[in-house]
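**Q** mmCIF, C-alpha atoms and all ligand atoms, saved as target.cif, coming up:
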data_data
#
loop_
_atom_site.label_atom_id
_atom_site.label_comp_id
_atom_site.auth_asym_id
_atom_site.auth_seq_id
_atom_site.Cartn_x
_atom_site.Cartn_y
_atom_site.Cartn_z
CA MET A 16 94.01 75.68 141.76
CA ALA A 17 92.31 79.07 142.23
CA ALA A 18 94.72 82.02 142.31
CA GLU A 19 95.21 83.45 145.79
CA THR A 20 93.34 86.74 146.32
CA SER A 21 94.95 87.98 149.52
CA THR A 22 96.33 91.53 149.57
CA ASP A 23 99.90 90.19 149.70
CA ALA A 24 99.36 87.85 146.76
CA LEU A 25 97.66 90.48 144.57
CA VAL A 26 100.26 93.13 145.39
CA ALA A 27 103.08 90.66 144.62
CA THR A 28 101.48 89.78 141.27
CA GLY A 29 101.00 93.47 140.44
CA VAL A 30 104.61 94.24 141.33
CA ARG A 31 105.78 91.35 139.11
CA THR A 32 103.57 92.11 136.11
CA TYR A 33 102.96 95.88 135.87
CA VAL A 34 105.46 98.09 134.05
CA PRO A 35 107.06 99.78 137.07
CA ASN A 36 106.05 103.37 136.25
CA TYR A 37 103.67 103.61 139.20
CA ALA A 38 104.29 102.89 142.86
CA PRO A 39 100.86 101.76 144.10
CA LYS A 40 100.38 101.45 147.83
CA PRO A 41 100.02 97.88 149.09
CA VAL A 42 96.26 98.07 149.47
CA VAL A 43 93.61 96.43 147.27
CA PHE A 44 90.30 98.28 147.21
CA ASP A 45 87.17 96.24 146.75
CA HIS A 46 84.14 98.53 146.85
CA GLY A 47 82.96 101.97 147.88
CA GLU A 48 79.89 103.90 148.97
CA GLY A 49 79.70 107.69 148.99
CA ALA A 50 82.93 109.01 150.49
CA ARG A 51 83.91 105.60 151.92
CA LEU A 52 86.10 102.83 150.49
CA TRP A 53 86.69 99.27 151.71
CA ASP A 54 89.70 97.12 150.94
CA ILE A 55 89.55 93.35 150.38
CA ASP A 56 90.37 92.77 154.05
CA GLY A 57 87.25 94.70 155.05
CA ARG A 58 89.08 97.80 156.30
CA GLU A 59 87.15 101.06 155.87
CA TYR A 60 88.67 104.33 154.64
CA ILE A 61 87.40 107.85 153.98
CA ASP A 62 88.32 108.83 150.44
CA LEU A 63 89.64 112.39 150.19
CA GLY A 64 91.53 111.58 146.99
CA THR A 65 88.60 110.52 144.74
CA GLY A 66 90.97 108.71 142.37
CA ILE A 67 92.68 112.08 141.72
CA SER A 68 89.51 114.13 141.30
CA VAL A 69 87.55 111.56 139.28
CA ASN A 70 84.98 110.11 141.70
CA SER A 71 83.76 113.60 142.48
CA PHE A 72 80.19 112.50 143.21
CA GLY A 73 81.20 109.67 145.54
CA HIS A 74 81.29 105.94 144.95
CA ARG A 75 78.25 104.02 143.73
CA HIS A 76 76.16 107.10 142.95
CA PRO A 77 72.77 105.60 142.02
CA ASP A 78 72.17 107.92 139.03
CA LEU A 79 75.60 107.13 137.57
CA ILE A 80 75.07 103.40 138.03
CA ALA A 81 71.66 103.60 136.37
CA ALA A 82 73.03 105.55 133.40
CA VAL A 83 76.01 103.24 132.93
CA THR A 84 74.13 99.96 133.29
CA GLY A 85 71.26 101.24 131.15
CA GLN A 86 73.57 102.20 128.30
CA ALA A 87 75.81 99.13 128.72
CA GLY A 88 72.75 96.98 128.19
CA ARG A 89 71.99 98.70 124.87
CA LEU A 90 75.23 99.48 123.08
CA LEU A 91 78.85 99.68 124.25
CA HIS A 92 80.50 101.25 121.23
CA THR A 93 79.94 102.29 117.63
CA SER A 94 82.94 104.54 116.70
CA ASN A 95 82.75 108.05 115.32
CA LEU A 96 81.58 106.78 111.95
CA TYR A 97 78.04 107.08 113.34
CA TYR A 98 75.94 109.10 115.79
CA VAL A 99 74.71 107.75 119.15
CA GLU A 100 72.17 109.54 121.28
CA PRO A 101 74.05 109.82 124.63
CA THR A 102 77.02 111.47 122.93
CA VAL A 103 74.91 113.86 120.86
CA ARG A 104 72.93 114.83 123.97
CA LEU A 105 76.10 115.34 126.01
CA ALA A 106 77.55 117.60 123.31
CA GLU A 107 74.28 119.53 123.32
CA ASP A 108 74.36 119.87 127.12
CA LEU A 109 77.91 121.20 127.04
CA VAL A 110 77.32 123.60 124.13
CA ASP A 111 74.05 124.90 125.58
CA GLY A 112 75.47 125.27 129.10
CA THR A 113 78.87 126.84 128.43
CA PHE A 114 80.73 129.30 126.20
CA ALA A 115 81.45 126.48 123.73
CA GLU A 116 80.17 126.35 120.16
CA ARG A 117 81.50 122.83 119.52
CA VAL A 118 82.93 119.90 121.46
CA PHE A 119 85.50 117.21 120.68
CA PHE A 120 85.41 114.03 122.80
CA CYS A 121 88.35 111.81 123.71
CA ASN A 122 89.30 109.52 126.60
CA SER A 123 91.63 111.33 128.99
CA GLY A 124 93.07 114.64 130.05
CA ALA A 125 96.27 114.28 128.07
CA GLU A 126 94.27 113.54 124.93
CA ALA A 127 92.06 116.57 125.53
CA ASN A 128 95.10 118.82 125.83
CA GLU A 129 96.77 117.15 122.86
CA ALA A 130 93.66 117.94 120.82
CA ALA A 131 93.62 121.52 122.13
CA ILE A 132 97.25 121.94 121.02
CA LYS A 133 96.37 120.65 117.57
CA ILE A 134 93.33 122.97 117.39
CA VAL A 135 95.26 126.14 118.21
CA ARG A 136 98.10 125.27 115.82
CA ARG A 137 95.72 124.32 113.03
CA ARG A 138 93.82 127.55 113.46
CA ALA A 139 97.07 129.50 113.14
CA ALA A 140 98.02 127.47 110.07
CA GLU A 141 94.64 128.19 108.47
CA ALA A 142 95.34 131.90 109.02
CA GLY A 143 98.55 131.52 107.01
CA ARG A 144 100.94 131.47 109.96
CA GLY A 145 104.05 129.31 109.50
CA PRO A 146 105.34 126.72 112.00
CA GLU A 147 107.54 129.30 113.75
CA GLU A 148 104.43 131.43 114.35
CA ARG A 149 102.58 128.68 116.21
CA GLU A 150 104.29 128.96 119.57
CA ILE A 151 102.33 127.99 122.70
CA ILE A 152 103.11 129.59 126.07
CA THR A 153 102.62 127.54 129.25
CA PHE A 154 103.58 128.15 132.88
CA GLU A 155 106.12 126.87 135.36
CA GLY A 156 104.52 124.42 137.81
CA SER A 157 101.88 123.37 135.27
CA PHE A 158 100.76 119.85 134.48
CA HIS A 159 99.04 119.06 131.19
CA GLY A 160 99.61 115.32 130.67
CA ARG A 161 102.12 112.67 129.69
CA THR A 162 101.97 112.41 125.90
CA LEU A 163 105.02 113.95 124.26
CA ALA A 164 103.28 117.20 123.34
CA THR A 165 101.41 117.59 126.62
CA VAL A 166 104.42 116.68 128.73
CA THR A 167 106.35 119.34 126.81
CA ALA A 168 103.54 121.78 127.58
CA THR A 169 104.04 120.72 131.21
CA ALA A 170 106.71 123.22 132.23
CA GLN A 171 108.41 121.00 134.80
CA PRO A 172 111.77 119.61 133.58
CA LYS A 173 111.54 116.53 135.86
CA TYR A 174 108.81 115.15 133.58
CA HIS A 175 110.98 115.56 130.45
CA GLU A 176 114.13 113.78 131.59
CA GLY A 177 115.13 110.95 129.30
CA PHE A 178 112.35 111.62 126.78
CA GLU A 179 114.25 114.22 124.75
CA PRO A 180 114.11 115.38 122.04
CA MET A 181 110.91 117.14 123.07
CA PRO A 182 108.51 118.59 120.46
CA GLY A 183 109.30 122.23 119.73
CA GLY A 184 107.25 125.39 119.86
CA PHE A 185 106.61 125.66 123.61
CA THR A 186 107.74 128.62 125.74
CA TYR A 187 107.55 128.72 129.53
CA CYS A 188 106.71 131.64 131.81
CA PRO A 189 106.56 132.02 135.58
CA PHE A 190 103.00 131.53 136.87
CA ASN A 191 101.06 134.52 138.21
CA ASP A 192 103.60 136.95 136.73
CA PRO A 193 101.87 139.30 134.24
CA GLU A 194 105.06 141.20 133.35
CA ALA A 195 106.93 138.03 132.41
CA LEU A 196 104.08 136.99 130.12
CA GLU A 197 103.94 140.43 128.56
CA ALA A 198 107.65 140.13 127.76
CA ALA A 199 107.32 136.61 126.33
CA ILE A 200 104.15 136.85 124.23
CA SER A 201 104.40 138.05 120.62
CA ASP A 202 102.70 137.71 117.27
CA ARG A 203 104.47 134.34 116.99
CA THR A 204 102.32 133.06 119.87
CA CYS A 205 99.25 131.09 118.76
CA ALA A 206 97.97 130.23 122.26
CA VAL A 207 98.54 130.56 125.99
CA MET A 208 97.54 127.49 127.98
CA LEU A 209 97.09 127.33 131.75
CA GLU A 210 95.28 125.77 134.69
CA PRO A 211 93.16 128.31 136.62
CA VAL A 212 94.29 126.41 139.73
CA GLN A 213 97.51 124.45 139.20
CA GLY A 214 96.89 120.95 140.56
CA GLU A 215 99.82 118.54 140.29
CA GLY A 216 102.26 121.44 140.60
CA GLY A 217 101.17 122.11 144.20
CA VAL A 218 97.54 123.34 144.29
CA THR A 219 98.33 126.94 143.36
CA PRO A 220 95.40 129.19 142.41
CA SER A 221 95.93 131.89 139.80
CA ARG A 222 95.89 135.30 141.46
CA GLN A 223 92.69 137.29 141.01
CA GLY A 224 93.15 139.31 137.82
CA PHE A 225 95.80 137.06 136.28
CA LEU A 226 93.45 135.22 133.92
CA ARG A 227 92.05 138.52 132.65
CA HIS A 228 95.56 139.77 132.09
CA VAL A 229 96.44 136.64 130.12
CA GLN A 230 93.23 137.05 128.13
CA ASP A 231 93.97 140.69 127.27
CA LEU A 232 97.46 139.80 126.07
CA CYS A 233 96.08 136.91 124.02
CA ARG A 234 93.57 139.18 122.31
CA ARG A 235 96.27 141.76 121.57
CA HIS A 236 98.37 139.13 119.77
CA ASP A 237 95.58 137.05 118.19
CA ALA A 238 96.50 134.12 120.40
CA LEU A 239 93.89 131.76 121.85
CA LEU A 240 93.27 131.41 125.58
CA VAL A 241 93.28 127.70 126.49
CA LEU A 242 92.21 126.81 130.01
CA ASP A 243 93.01 123.33 131.33
CA GLU A 244 90.10 122.61 133.70
CA ILE A 245 90.79 118.89 133.81
CA GLN A 246 91.34 118.93 137.56
CA SER A 247 89.76 122.26 138.55
CA GLY A 248 86.53 121.94 136.53
CA MET A 249 83.30 119.97 137.08
CA GLY A 250 82.49 121.90 140.28
CA ARG A 251 85.74 121.09 142.09
CA THR A 252 86.30 124.70 143.24
CA GLY A 253 82.65 125.60 143.87
CA LYS A 254 81.91 126.84 140.33
CA PHE A 255 81.34 124.59 137.32
CA PHE A 256 84.66 125.92 135.94
CA ALA A 257 87.30 127.47 138.20
CA TYR A 258 87.76 130.38 135.75
CA GLU A 259 84.24 131.58 136.63
CA TRP A 260 85.63 132.90 139.93
CA GLU A 261 87.20 135.71 137.90
CA PRO A 262 84.67 138.01 136.22
CA GLY A 263 85.09 138.74 132.52
CA VAL A 264 87.08 135.66 131.54
CA GLU A 265 86.00 134.23 128.18
CA PRO A 266 88.25 131.37 127.15
CA ASP A 267 88.61 130.17 123.57
CA VAL A 268 89.23 126.55 124.53
CA VAL A 269 88.61 124.62 127.74
CA THR A 270 89.78 121.04 128.32
CA MET A 271 87.97 118.63 130.61
CA ALA A 272 88.47 115.02 131.77
CA LYS A 273 88.79 113.35 135.22
CA ALA A 274 85.33 113.87 136.82
CA LEU A 275 83.62 114.49 133.47
CA ALA A 276 82.10 111.00 133.35
CA GLY A 277 81.98 110.52 137.13
CA GLY A 278 84.50 107.66 137.15
CA LEU A 279 84.62 106.39 133.58
CA PRO A 280 87.33 107.49 131.12
CA MET A 281 86.37 110.52 129.08
CA GLY A 282 87.95 113.79 127.97
CA ALA A 283 86.50 116.75 126.11
CA VAL A 284 87.68 119.89 124.39
CA LEU A 285 85.21 122.76 124.44
CA ALA A 286 85.86 125.16 121.58
CA GLY A 287 84.53 128.72 121.43
CA ALA A 288 83.90 130.80 118.31
CA ARG A 289 87.57 131.35 117.46
CA ALA A 290 88.45 127.65 117.73
CA ALA A 291 85.32 125.71 116.84
CA ASP A 292 86.04 125.18 113.14
CA ALA A 293 89.81 124.69 113.27
CA LEU A 294 89.67 120.90 112.81
CA SER A 295 88.19 119.75 109.52
CA VAL A 296 87.35 116.19 108.46
CA GLY A 297 90.34 113.87 108.79
CA THR A 298 92.57 116.20 110.82
CA HIS A 299 92.11 114.49 114.20
CA GLY A 300 90.26 111.60 115.80
CA SER A 301 90.02 108.88 118.43
CA THR A 302 88.37 105.46 118.08
CA PHE A 303 86.86 105.48 121.55
CA GLY A 304 86.20 109.25 121.72
CA GLY A 305 82.62 109.95 122.81
CA ASN A 306 82.00 106.36 123.87
CA PRO A 307 78.25 106.07 124.60
CA VAL A 308 78.63 104.47 128.05
CA SER A 309 81.01 107.22 129.17
CA ALA A 310 78.73 109.82 127.56
CA ALA A 311 75.67 108.49 129.42
CA ALA A 312 77.59 108.77 132.69
CA ALA A 313 78.88 112.22 131.76
CA ARG A 314 75.39 113.56 131.16
CA VAL A 315 74.56 112.64 134.76
CA ALA A 316 77.87 113.95 136.10
CA VAL A 317 77.54 117.29 134.28
CA GLY A 318 74.02 117.67 135.67
CA LEU A 319 75.25 116.95 139.20
CA ALA A 320 78.17 119.38 138.86
CA ARG A 321 75.77 122.17 137.86
CA SER A 322 73.59 121.83 140.95
CA ASP A 323 73.60 124.95 143.15
CA ASP A 324 73.27 122.80 146.26
CA LEU A 325 76.32 120.78 145.33
CA LEU A 326 78.39 123.89 144.54
CA ALA A 327 77.35 125.46 147.86
CA ASN A 328 78.44 122.24 149.62
CA VAL A 329 81.83 122.47 147.91
CA VAL A 330 82.38 125.98 149.26
CA ARG A 331 81.11 125.12 152.76
CA GLN A 332 83.07 121.88 153.18
CA GLY A 333 86.15 123.42 151.57
CA ASP A 334 86.05 126.12 154.25
CA ALA A 335 85.60 123.43 156.93
CA PHE A 336 88.70 121.53 155.74
CA ARG A 337 90.77 124.72 155.53
CA LEU A 338 89.60 125.80 158.99
CA PHE A 339 90.65 122.40 160.35
CA LEU A 340 94.05 122.58 158.62
CA ASN A 341 94.70 126.10 159.90
CA ARG A 342 93.58 125.20 163.43
CA ILE A 343 95.79 122.13 163.70
CA ASN A 344 98.62 124.00 162.03
CA ALA A 345 98.45 126.80 164.60
CA GLU A 346 99.26 124.13 167.18
CA LEU A 347 101.63 121.77 165.33
CA GLY A 348 103.28 124.18 162.87
CA LEU A 349 103.57 121.57 160.11
CA PHE A 350 102.62 123.74 157.15
CA ARG A 351 103.96 126.99 155.72
CA ASP A 352 100.80 127.53 153.66
CA VAL A 353 97.25 126.21 153.42
CA ARG A 354 95.65 127.13 150.10
CA GLY A 355 93.27 126.18 147.32
CA LYS A 356 89.70 126.83 146.27
CA GLY A 357 86.58 124.92 147.26
CA LEU A 358 87.43 121.24 147.58
CA MET A 359 90.78 121.55 145.80
CA ILE A 360 93.03 122.00 148.82
CA GLY A 361 96.79 122.04 149.33
CA ALA A 362 98.86 122.27 152.51
CA GLU A 363 102.56 122.90 151.92
CA LEU A 364 104.92 121.48 154.54
CA GLY A 365 107.31 123.90 156.22
CA GLU A 366 111.09 123.70 156.15
CA ALA A 367 111.36 121.15 158.97
CA HIS A 368 109.29 118.62 157.00
CA GLU A 369 110.19 119.52 153.42
CA GLY A 370 109.92 116.61 150.98
CA LYS A 371 107.90 114.49 153.41
CA ALA A 372 104.38 114.78 151.99
CA GLY A 373 104.48 111.08 151.04
CA ALA A 374 105.13 110.09 154.66
CA LEU A 375 102.21 112.25 155.76
CA VAL A 376 99.94 110.56 153.22
CA ASP A 377 100.99 107.16 154.62
CA ALA A 378 100.29 108.36 158.17
CA CYS A 379 96.78 109.42 157.11
CA GLN A 380 96.17 106.08 155.40
CA GLU A 381 97.18 104.33 158.65
CA GLU A 382 94.36 106.30 160.25
CA GLY A 383 91.91 105.33 157.52
CA VAL A 384 91.98 108.55 155.50
CA ILE A 385 93.03 108.56 151.84
CA VAL A 386 94.77 111.78 150.83
CA LEU A 387 97.22 112.73 148.06
CA VAL A 388 100.43 114.62 147.44
CA ALA A 389 100.99 117.39 144.88
CA GLY A 390 104.77 117.25 144.55
CA PRO A 391 107.14 116.25 147.37
CA SER A 392 106.04 118.83 149.95
CA VAL A 393 102.33 119.47 149.40
CA LEU A 394 99.52 117.45 150.94
CA ARG A 395 96.49 117.53 148.63
CA LEU A 396 92.83 116.93 149.43
CA LEU A 397 90.31 116.33 146.64
CA PRO A 398 87.25 115.07 148.56
CA PRO A 399 83.95 114.10 146.92
CA LEU A 400 82.01 117.27 146.14
CA ASN A 401 78.93 115.93 147.91
CA ILE A 402 80.80 114.95 151.08
CA GLY A 403 78.59 115.23 154.18
CA ASP A 404 79.26 116.61 157.66
CA GLU A 405 79.77 113.20 159.27
CA ASP A 406 82.40 112.21 156.70
CA VAL A 407 84.17 115.56 157.16
CA ARG A 408 84.13 115.08 160.93
CA ASP A 409 85.55 111.54 160.73
CA ALA A 410 88.10 112.52 158.09
CA THR A 411 89.43 115.49 160.05
CA ALA A 412 89.56 113.39 163.25
CA GLY A 413 91.62 110.75 161.40
CA MET A 414 93.90 113.38 159.87
CA GLU A 415 94.39 115.02 163.25
CA ARG A 416 95.61 111.70 164.72
CA ALA A 417 97.90 111.22 161.73
CA PHE A 418 99.29 114.78 161.91
CA ARG A 419 100.06 114.36 165.64
CA ALA A 420 101.87 111.06 165.04
CA PHE A 421 103.77 112.61 162.11
CA ALA A 422 104.74 115.70 164.12
CA ALA A 423 106.01 113.50 166.96
CA SER A 424 108.03 111.18 164.69
C1 LIG A 501 95.40 119.84 134.99
C2 LIG A 501 95.63 118.50 134.38
N1 LIG A 501 95.75 118.41 133.05
C3 LIG A 501 95.94 117.21 132.44
C4 LIG A 501 96.05 116.05 133.18
C5 LIG A 501 96.26 114.74 132.47
O1 LIG A 501 95.12 113.95 132.56
P1 LIG A 501 95.17 112.39 132.27
O2 LIG A 501 95.95 111.75 133.36
O3 LIG A 501 93.73 111.95 132.24
O4 LIG A 501 95.84 112.20 130.94
C6 LIG A 501 95.95 116.11 134.57
C7 LIG A 501 96.10 114.89 135.38
O5 LIG A 501 96.43 114.93 136.54
C8 LIG A 501 95.74 117.37 135.18
O6 LIG A 501 95.63 117.48 136.51
#
What's the C-alpha cells form of this structure?
Ligand SMILES: Cc1ncc(COP(=O)(O)O)c(C=O)c1O
**A**
Amino acid sequence: MAAETSTDALVATGVRTYVPNYAPKPVVFDHGEGARLWDIDGREYIDLGTGISVNSFGHRHPDLIAAVTGQAGRLLHTSNLYYVEPTVRLAEDLVDGTFAERVFFCNSGAEANEAAIKIVRRRAAEAGRGPEEREIITFEGSFHGRTLATVTATAQPKYHEGFEPMPGGFTYCPFNDPEALEAAISDRTCAVMLEPVQGEGGVTPSRQGFLRHVQDLCRRHDALLVLDEIQSGMGRTGKFFAYEWEPGVEPDVVTMAKALAGGLPMGAVLAGARAADALSVGTHGSTFGGNPVSAAAARVAVGLARSDDLLANVVRQGDAFRLFLNRINAELGLFRDVRGKGLMIGAELGEAHEGKAGALVDACQEEGVIVLVAGPSVLRLLPPLNIGDEDVRDATAGMERAFRAFAAS
C-alpha cells in the first residue's frame, strides 16, 4: 500500500521519526516560484523568510536551475583530492571580487565559523603565541552556529545549557560598546569576531563607527578582525557585504554561507593577507567542501548578489517594508522598535506583547505570509532580494490583516 501523503500523515511521520530538536510548523511545502510558495494542499504563501536567508534570489531561479542541473549531469562530487572547474572558478570570483587572498569552502555557516576560529588560532600559534594567548572575543546577542566551538562563540547562555563543559578561550563583550571592548581586548586576544548586523539575536545593526573601532583595537593588539556575514552578506542589506556600509573597514576574515549557493548547502571562509596562509596541508578539511554542484550554483548566486539593480531593489523594498511597519505601528502600537538594514528587518514587540513573536508569525502564516522570529519578541523579515512590487503589496496586505487580528486578540 502506498504511504499516505496528506499533510496530517507527513507531519505525524515527521513528528514520530525526527529527533525533536526542531518544532516545524504543520505545513508541507511542495514547490515555489519567485517569492511564492505552495503547500501540498495547493495553498499559496508569500515567502518573507527565504528559508532563513538562503533562497535570496527567489524559488526556481532559472539561472540557478540551469547551473545545478548542468553540473549534476556532469559530476556530483570528487573530494578535495582533486580540482574541479566550478570550484576553482568560484574561488577565483571571490578572490578577484573581494578583499580575500584565499578561500576555504565548507558546507554550512557553523563550519565556516569553525574554520575561521581554527585559522585565527593557528595564525597565533605560528607566531609563537601559547594557548592562553589565543583568546577570541565575541559579543552578547551574537549567533555563530551550533558546533561546540561556534556555540561557545555565540554569547547567549541559553544555547550552552546542558552542553558544558564548553571549549575555552572565548570572552564576551556587550555589542556596540567600544569602551567595554577596549577594556577586554589585550595582547592575549588573537581575534574579535562579530556580525555587522546581528541576525538571530534580534536583527541589531552595529552602530556606525563600531566596526572601525573594533578594527583599530584589533590592529593595536595584533588580533584579527573576523566578520560573520553568513546572514548579512550576499546582498541582504543592499551591499554585497554589510560591512561595506561603514567606510574604511578591512576585515581579515569573512565567513559566508546561507545564500552563498542560492539554496544549496555551502559555506566559505574568505581570508585576507594576515590569515590566508594560516592553514597548511593537513590542518583542516571537509569531504564535501567545495562540492561542484554547490559551487556551480554559487557562481550564479554571487553574480546575482553583485548586480547594482538587485542591490538597489534591496534598499528600495527594504524601505517599503519599514515604511509599512512604521505606518501600521503608529496605529496599532505593537512594536517598540522597527530596525534593520535593506531586506534584513526586525520589529521588536512592545511590553504588552513581549515574548509573543511566535504567535505573530502564526497569525501571518494564517494570512498566507511566511515570516520569522529572531528571539521571543522580534518579528524578522528576510524577503527575497529580487522581490517585486506586487509581492510586496500582497505581503504587506496579508501582514496588515494578521497584525490587526493579533492586536485584537
Ligand atoms: C550569523 C550567523 N552565523 C552562523 C550561522 C550558522 O549557520 P548554519 O546554520 O548554516 O550552521 C547562522 C545561522 O543562522 C547565522 O545567522
**Q** How far is it from atom CA of Glu210 of chain A to atom CA of Gly253 of chain A, in Å with one decimal?
**A**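 Atom CA of Gly253 of chain A lies 15.6 Å from atom CA of Glu210 of chain A.
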**Q** Set out as a tab-separated table a contact list for chain A and ligand LIG 501 (chain A) with a cut-off of 9 Å, giving each residue of chain A that qualifies its closest atom pair and distance in Å to one decimal, counting all atoms listed in the file, ordered by chain and rising residue number.
**A**
residue	atom	partner	partner_atom	distance
A:Ile67	CA	A:LIG501	O5	7.0
A:Ser68	CA	A:LIG501	O5	8.4
A:Asn122	CA	A:LIG501	O3	7.6
A:Ser123	CA	A:LIG501	O3	3.9
A:Gly124	CA	A:LIG501	O1	3.3
A:Ala125	CA	A:LIG501	O4	3.6
A:Glu126	CA	A:LIG501	O4	6.4
A:Ala127	CA	A:LIG501	O4	7.9
A:Asn128	CA	A:LIG501	C3	6.9
A:Ser157	CA	A:LIG501	C1	7.4
A:Phe158	CA	A:LIG501	C2	5.3
A:His159	CA	A:LIG501	C3	3.8
A:Gly160	CA	A:LIG501	C5	3.8
A:Arg161	CA	A:LIG501	O4	6.4
A:Thr162	CA	A:LIG501	O4	7.9
A:Thr165	CA	A:LIG501	C3	8.0
A:Thr169	CA	A:LIG501	N1	8.8
A:Leu209	CA	A:LIG501	C1	8.3
A:Glu210	CA	A:LIG501	C1	5.9
A:Pro211	CA	A:LIG501	C1	8.9
A:Val212	CA	A:LIG501	C1	8.2
A:Gln213	CA	A:LIG501	C1	6.6
A:Gly214	CA	A:LIG501	O6	5.5
A:Glu215	CA	A:LIG501	O6	5.7
A:Gly216	CA	A:LIG501	O6	8.7
A:Asp243	CA	A:LIG501	C1	5.6
A:Glu244	CA	A:LIG501	C1	6.1
A:Ile245	CA	A:LIG501	C1	4.9
A:Gln246	CA	A:LIG501	O6	4.6
A:Ser247	CA	A:LIG501	C1	7.1
A:Thr270	CA	A:LIG501	N1	8.1
A:Met271	CA	A:LIG501	N1	8.2
A:Ala272	CA	A:LIG501	O3	6.1
A:Lys273	CA	A:LIG501	O3	5.9
A:Pro280	CA	A:LIG501	O3	7.9
A:Met281	CA	A:LIG501	O3	8.1
A:Gly282	CA	A:LIG501	O3	7.4
**Q** Please produce a file of those selected residues containing C-alpha atoms, as an mmCIF file, in the coordinates of the input.
**A**
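Full text of result10.cif as output:
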data_model
loop_
_atom_site.group_PDB
_atom_site.id
_atom_site.type_symbol
_atom_site.label_atom_id
_atom_site.label_comp_id
_atom_site.auth_asym_id
_atom_site.auth_seq_id
_atom_site.Cartn_x
_atom_site.Cartn_y
_atom_site.Cartn_z
ATOM 1 C CA ILE A 67 92.680 112.080 141.720
ATOM 2 C CA SER A 68 89.510 114.130 141.300
ATOM 3 C CA ASN A 122 89.300 109.520 126.600
ATOM 4 C CA SER A 123 91.630 111.330 128.990
ATOM 5 C CA GLY A 124 93.070 114.640 130.050
ATOM 6 C CA ALA A 125 96.270 114.280 128.070
ATOM 7 C CA GLU A 126 94.270 113.540 124.930
ATOM 8 C CA ALA A 127 92.060 116.570 125.530
ATOM 9 C CA ASN A 128 95.100 118.820 125.830
ATOM 10 C CA SER A 157 101.880 123.370 135.270
ATOM 11 C CA PHE A 158 100.760 119.850 134.480
ATOM 12 C CA HIS A 159 99.040 119.060 131.190
ATOM 13 C CA GLY A 160 99.610 115.320 130.670
ATOM 14 C CA ARG A 161 102.120 112.670 129.690
ATOM 15 C CA THR A 162 101.970 112.410 125.900
ATOM 16 C CA THR A 165 101.410 117.590 126.620
ATOM 17 C CA THR A 169 104.040 120.720 131.210
ATOM 18 C CA LEU A 209 97.090 127.330 131.750
ATOM 19 C CA GLU A 210 95.280 125.770 134.690
ATOM 20 C CA PRO A 211 93.160 128.310 136.620
ATOM 21 C CA VAL A 212 94.290 126.410 139.730
ATOM 22 C CA GLN A 213 97.510 124.450 139.200
ATOM 23 C CA GLY A 214 96.890 120.950 140.560
ATOM 24 C CA GLU A 215 99.820 118.540 140.290
ATOM 25 C CA GLY A 216 102.260 121.440 140.600
ATOM 26 C CA ASP A 243 93.010 123.330 131.330
ATOM 27 C CA GLU A 244 90.100 122.610 133.700
ATOM 28 C CA ILE A 245 90.790 118.890 133.810
ATOM 29 C CA GLN A 246 91.340 118.930 137.560
ATOM 30 C CA SER A 247 89.760 122.260 138.550
ATOM 31 C CA THR A 270 89.780 121.040 128.320
ATOM 32 C CA MET A 271 87.970 118.630 130.610
ATOM 33 C CA ALA A 272 88.470 115.020 131.770
ATOM 34 C CA LYS A 273 88.790 113.350 135.220
ATOM 35 C CA PRO A 280 87.330 107.490 131.120
ATOM 36 C CA MET A 281 86.370 110.520 129.080
ATOM 37 C CA GLY A 282 87.950 113.790 127.970
#
**Q** Please determine, counting all atoms listed in the file, which residue among A:Leu242, A:Val110, A:Ala311, A:Leu226 has the shortest atom-to-atom distance to Pro262 of chain A.
**A**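 The shortest atom-to-atom distance to Pro262 of chain A comes from A:Leu226.
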**Q** Would you kindly return, as a PyMOL selection string, each protein, DNA or RNA residue with an atom no farther than 10 Å from any atom of segment 132-148 of chain A, considering only C-alpha atoms and excluding same-chain residues fewer than 3 positions away?
**A** chain A and resi 126-129+151+164-165+168+183-184+201-208+237-241+267-268+284+286+289-295+298-299
**Q** Mind pulling up the distance from atom CA of Ala18 of chain A to atom CA of Glu48 of chain A?
**A**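 So the two atoms, atom CA of Glu48 of chain A and atom CA of Ala18 of chain A, lie 27.3 Å apart.
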**Q** Residues near Pro307 of chain A, anyone? I mean within 9 Å using all atoms listed in the file, not counting same-chain ones fewer than 2 positions away, as a list in words.
**A**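 Counting only the stated atoms, we get Gln86, Ala87, Leu90, Leu91, His92, Thr93, Val99, Glu100, Pro101, Thr102, Gly305, Ser309, Ala310, Ala311 and Ala312 of chain A.
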